[in-house]
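Enquirer: My questions all concern the structure below.
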Amino acid sequence: MINFLKLISRNKLALFGGILLVIIFVVSFLSPLLPLKDPDVIKTSDRFLLPFSEGYLLGTDHLGRDLLSRLLWGTRLSLLVGISAALISATIGSILGTIAGFYGNKTDNVIMRIIDVLMAFPYILLALAIVAVLGPGLFNAMIAVALVNIPFFARNIRGVTVTIANKEFIDAARLSGMSNFKIIIYEIFPNILPVIVVTISTTVGWMILETAGLSFLGLGSQPPQADLGSMLGEGRSSLIVNPHTSYVPGAMIFLIVIGVNLFGDGIRDALDPRLSKGELVKPQPVTQIKLNKNVKNNSSSFLSVQNLTTAFEFDNKLHLASKDVSFDIKKGECLGLIGESGSGKSVTALSITCLVASPPGVIVDGSVKFQGDDILKMNYEQIRELRGNKISYIFQDPLSTLHPLIKIGKQLEEAFIEHNHQKNKEATLKGKELLKLVQIPNIENVWNSYPHELSGGMRQRVSIAMALTNDPELIIADEPTTALDVTVQAQILSLLDTLRKERGLSVLFISHDFGVVSQICDRVIVMYGGQIVEEGKTENIMSKPRHPYTSQLMECVPHIGFGKRKLPTILGSPPSITYKKEIGCSFASRCLFKKDNCLNEDIKIVRKGDSEVRCLYPHE
Amino acid sequence: MNYLLQRLLSAIPVLLGITIIVFFIISLIPGDPATAILGSYATPENVKLLNEQLGLDKGLVQRYFIWLGNLVQGDLGRSFALNRPVLDEILERFNATLILSGTAFILCSVVGVLIGTISAFKQYTVTDKIITFTVLTGISLPSFFLGMMMILLFAVNLQWLPVSGMYAIYGGGDFLDLIHHLIMPAIALALVATGVVARITRNSVLEILRQDYIRTARAKGVREGNVLFKHVLRIAIVTILPILGLQAGFVLSGSVFIEIVFQWPGVGRMLVDAILKRDILLVQGGVMFVAACYVLFNIAVDLLQRYLDPRIK
């Protein structure tokens, strides 16, 4: 609760709304005690006095009544009526919703069908029909507004009740012999109360407005009694000559509603988990780059990544996801990047063309030289020219990485059109040629399908075709076979391998699976906790892993034909990404060969022959 | 096609539910209609005679079925205040309401989605802040108050637009004249809905921008403008469509107030007049008619949703 208040008060607009509401409430509810003129005393000699006239701060209306006094009394009445309506409909709606949600089946069906029918009316029609029956009057208008809003509460509360009613503690209460009535009162009600409160706070503004509206139409409060709506309605008849009689109540309604809206938004935002996680912040087209130091990169390699460090920024703290990652890829080479989830391999891959979502992503150090130019020093347009053109990506799980509402053909053509400034005809030819290349049967059919209509393997072939569109020189494949079953996986791998050999492509192949990597990669990098821990030729690493992590990881791979054995696992879990600087080997806590000095200092990566390892005591 | 039929059939219970509610709410009205109609001629014999003529001597359920039978044949009875068939009056009035609400609905959908998207794409810039602030102010202004203020400013002070009505009394009646009269009420009616649509669009676009397929588009080197118009908006419209369906209800509701403020000869104003004159059959017919149109409109929204989102099958 205190946390909640803190969250709201941090939001300045919500705080402003809250204060505005408190002031309006206090002043209007104190109006019987304030030294105000009688709101209903008619003094025709003082008709239509302007605001700031002597004795009348806000002027007078068409009967010479004091507008300030009428405004405060009217506000009080409007608030009372609006809040009462909210409470009535919250009570009835919640009871109906709880019963429907708790008992389910037929009860639920009957109640919800009635609610559906009520919701089929535009709300004002129902309110008008009810007022037509009860006759005009403020009390009747309140009843009408309350009744009209019941379906809204009933629906919301039913939804919450259904989820709670299916939880274990309700079963436990049932088994302990509690009656249904008691369960609802003692177990369900406390859990749905917060939802009821939030729903009230978001709808009370509406109900104040709706009752004011009915009064404005002459169907609510009847003279001489006046709420804000009927004051505005009276003001309308002298709108053109004496607009101040309309401004005064109109401005008050506006203030109340804006106060409720600001405060209600604050409550909603405070309760919305997406906001605190930054999920409602627009990701930039290029990762934010804030290089701390100028990394020297004289490599003439095809692709040379030096000291690449990417972080996620939360609460002004940098959580490093990849640290000091350096590697080269030669033309035509396939480099494997292997590690558990969270080891920083995907972040590294995305950082190469600055695709890490930002915020929260920030590239804080490093250099990525591609054919001699540093990508991290390029502007957006230059990077965009590279993406999907010279460097292209194949992602994991094409069901979520292909656009669900665009036909395969259109998605295939897109990269071609964007980079070649050519029209659809060539793009279509090229696209179909690519589909043939990735061995897709009935191309015309697939061309006009949506992603969800294809099988997983087909979708992955399509994304490979998509990556090949502009004859790229580097393909970055981020776990391209993870979502597939083993036979399809093998087909996709051999397809990728053939294509890269035929076309002399360089490939950065990311995986968590040694089996997959060993089939396709010339060299392998092993990552752990955001760092490279070992690098070397595939056959060397497969036969003689030097880092304890690598060897332990390989132990976990089952082998066919070696009989039954217990599959080992690596005890413990990988380090989480944190902003704290930790000294020493990040694998030490799980390492079977750990010695005392492993945690004393940062371990440097040491080159020996054509391999590198980050360990003080590597296997020899 | 199959689905269309299925969807139409599923609307029948809802429509029946509406007839039941409308009929029984209205028959709860206290007082004897015959006495009200006859006024000072309400001798017991006359009342009895008229009750028989009106079918009011029969039981409630029997009366419902008679009413329903007539309703299906398009007979909603006669308005006693206007002394003409209810359906004729409604059809004439509904035309005006449709023009007003339809314009406002299109306005709120197009403008709302547009500024919501711009606001999301320029998140935290001055543009976004101006839009967010305007939207917040807009959704807090009661439409009837806004309408009055617009009349004061644009009709009375600046004299750009007519104060009220649908056509000029002298020499009007053409399309331009209608547009001229339509501008203020349509904007006043659309404002709140536009704000609501803009807010939901903004959030929904921000959420979509985080999706993997948007990253794919960027990885392909698609220009940001095309990412927005071809990729983001395509999804955004599908997610916002049900919200637009709801807004249609709010626009229809709001039209009652706007028709009063701008003296627009629509169904809303007719209903309020009918309630104040206790013209029961007209209220009954009007509510029934508009509610039925709204149900049909929502079916249309559903169908459009299905058409735009091939995943729903």
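By convention in this document, the chains of the structure tokens carry letters A, B, ... by their order, each chain's residues are numbered from 1, and ligands are numbered from 1 in the order they are shown.
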Quick one: everything within 7 Å of Arg65 (chain A), counting only C-alpha atoms, minus sequence neighbours fewer than 6 positions away in the same chain. Send it as a list in words.
Expert: Pro39, Asp40, Val41, Ile42 and Lys43 of chain A
Enquirer: Please write the residues from the selection above to a file, keeping C-alpha atoms, as a PDB file, in the first residue's frame.
Expert:
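Okay, again.pdb is ready:
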ATOM      1  CA  PRO A  39     -28.406  29.242  -3.624  1.00  0.00           C
ATOM      2  CA  ASP A  40     -32.139  29.395  -4.288  1.00  0.00           C
ATOM      3  CA  VAL A  41     -32.948  33.000  -3.354  1.00  0.00           C
ATOM      4  CA  ILE A  42     -34.234  34.839  -6.396  1.00  0.00           C
ATOM      5  CA  LYS A  43     -33.358  38.500  -6.793  1.00  0.00           C
TER       6      LYS A  43
END
Enquirer: Residues of chain A were defined as contacting chain B if any atom lay at most 7 Å from it, counting only C-alpha atoms; please report them as number ranges by chain.
Expert: A: 117, 120-125, 132-134, 240, 250, 254, 257-258, 279-283, 285, 384-385, 387-388, 392-393, 400-403, 405, 415, 418
Enquirer: I'd like the neighbourhood of Glu620 (chain A) as an MDAnalysis selection string, where a residue qualifies if any of its atoms comes within 9 Å (using only C-alpha atoms), though same-chain residues fewer than 5 positions away should be ignored.
Expert: chainID A and resid 544:546
Enquirer: Where in region 6-251 of chain B does DSSP assign alpha helix (DSSP H), given as a count of residues only?
Expert: 176
Enquirer: Have a look at CA of His419 (chain A) and CA of Val462 (chain A) and let me know their distance in Å, one decimal.
Expert: 18.9 Å
Enquirer: For Phe133 (chain B), which of A:Phe25, A:Thr578, A:Arg174, A:Leu262 is the closest residue, counting only C-alpha atoms?
Expert: A:Leu262
Enquirer: Taking only C-alpha atoms into account, which of B:Ile169, B:Ile312, B:Ile240, B:Leu114 comes nearest Leu228 (chain B)?
Expert: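 Among B:Ile169, B:Ile312, B:Ile240, B:Leu114, it is B:Leu114 that comes nearest to Leu228 (chain B).
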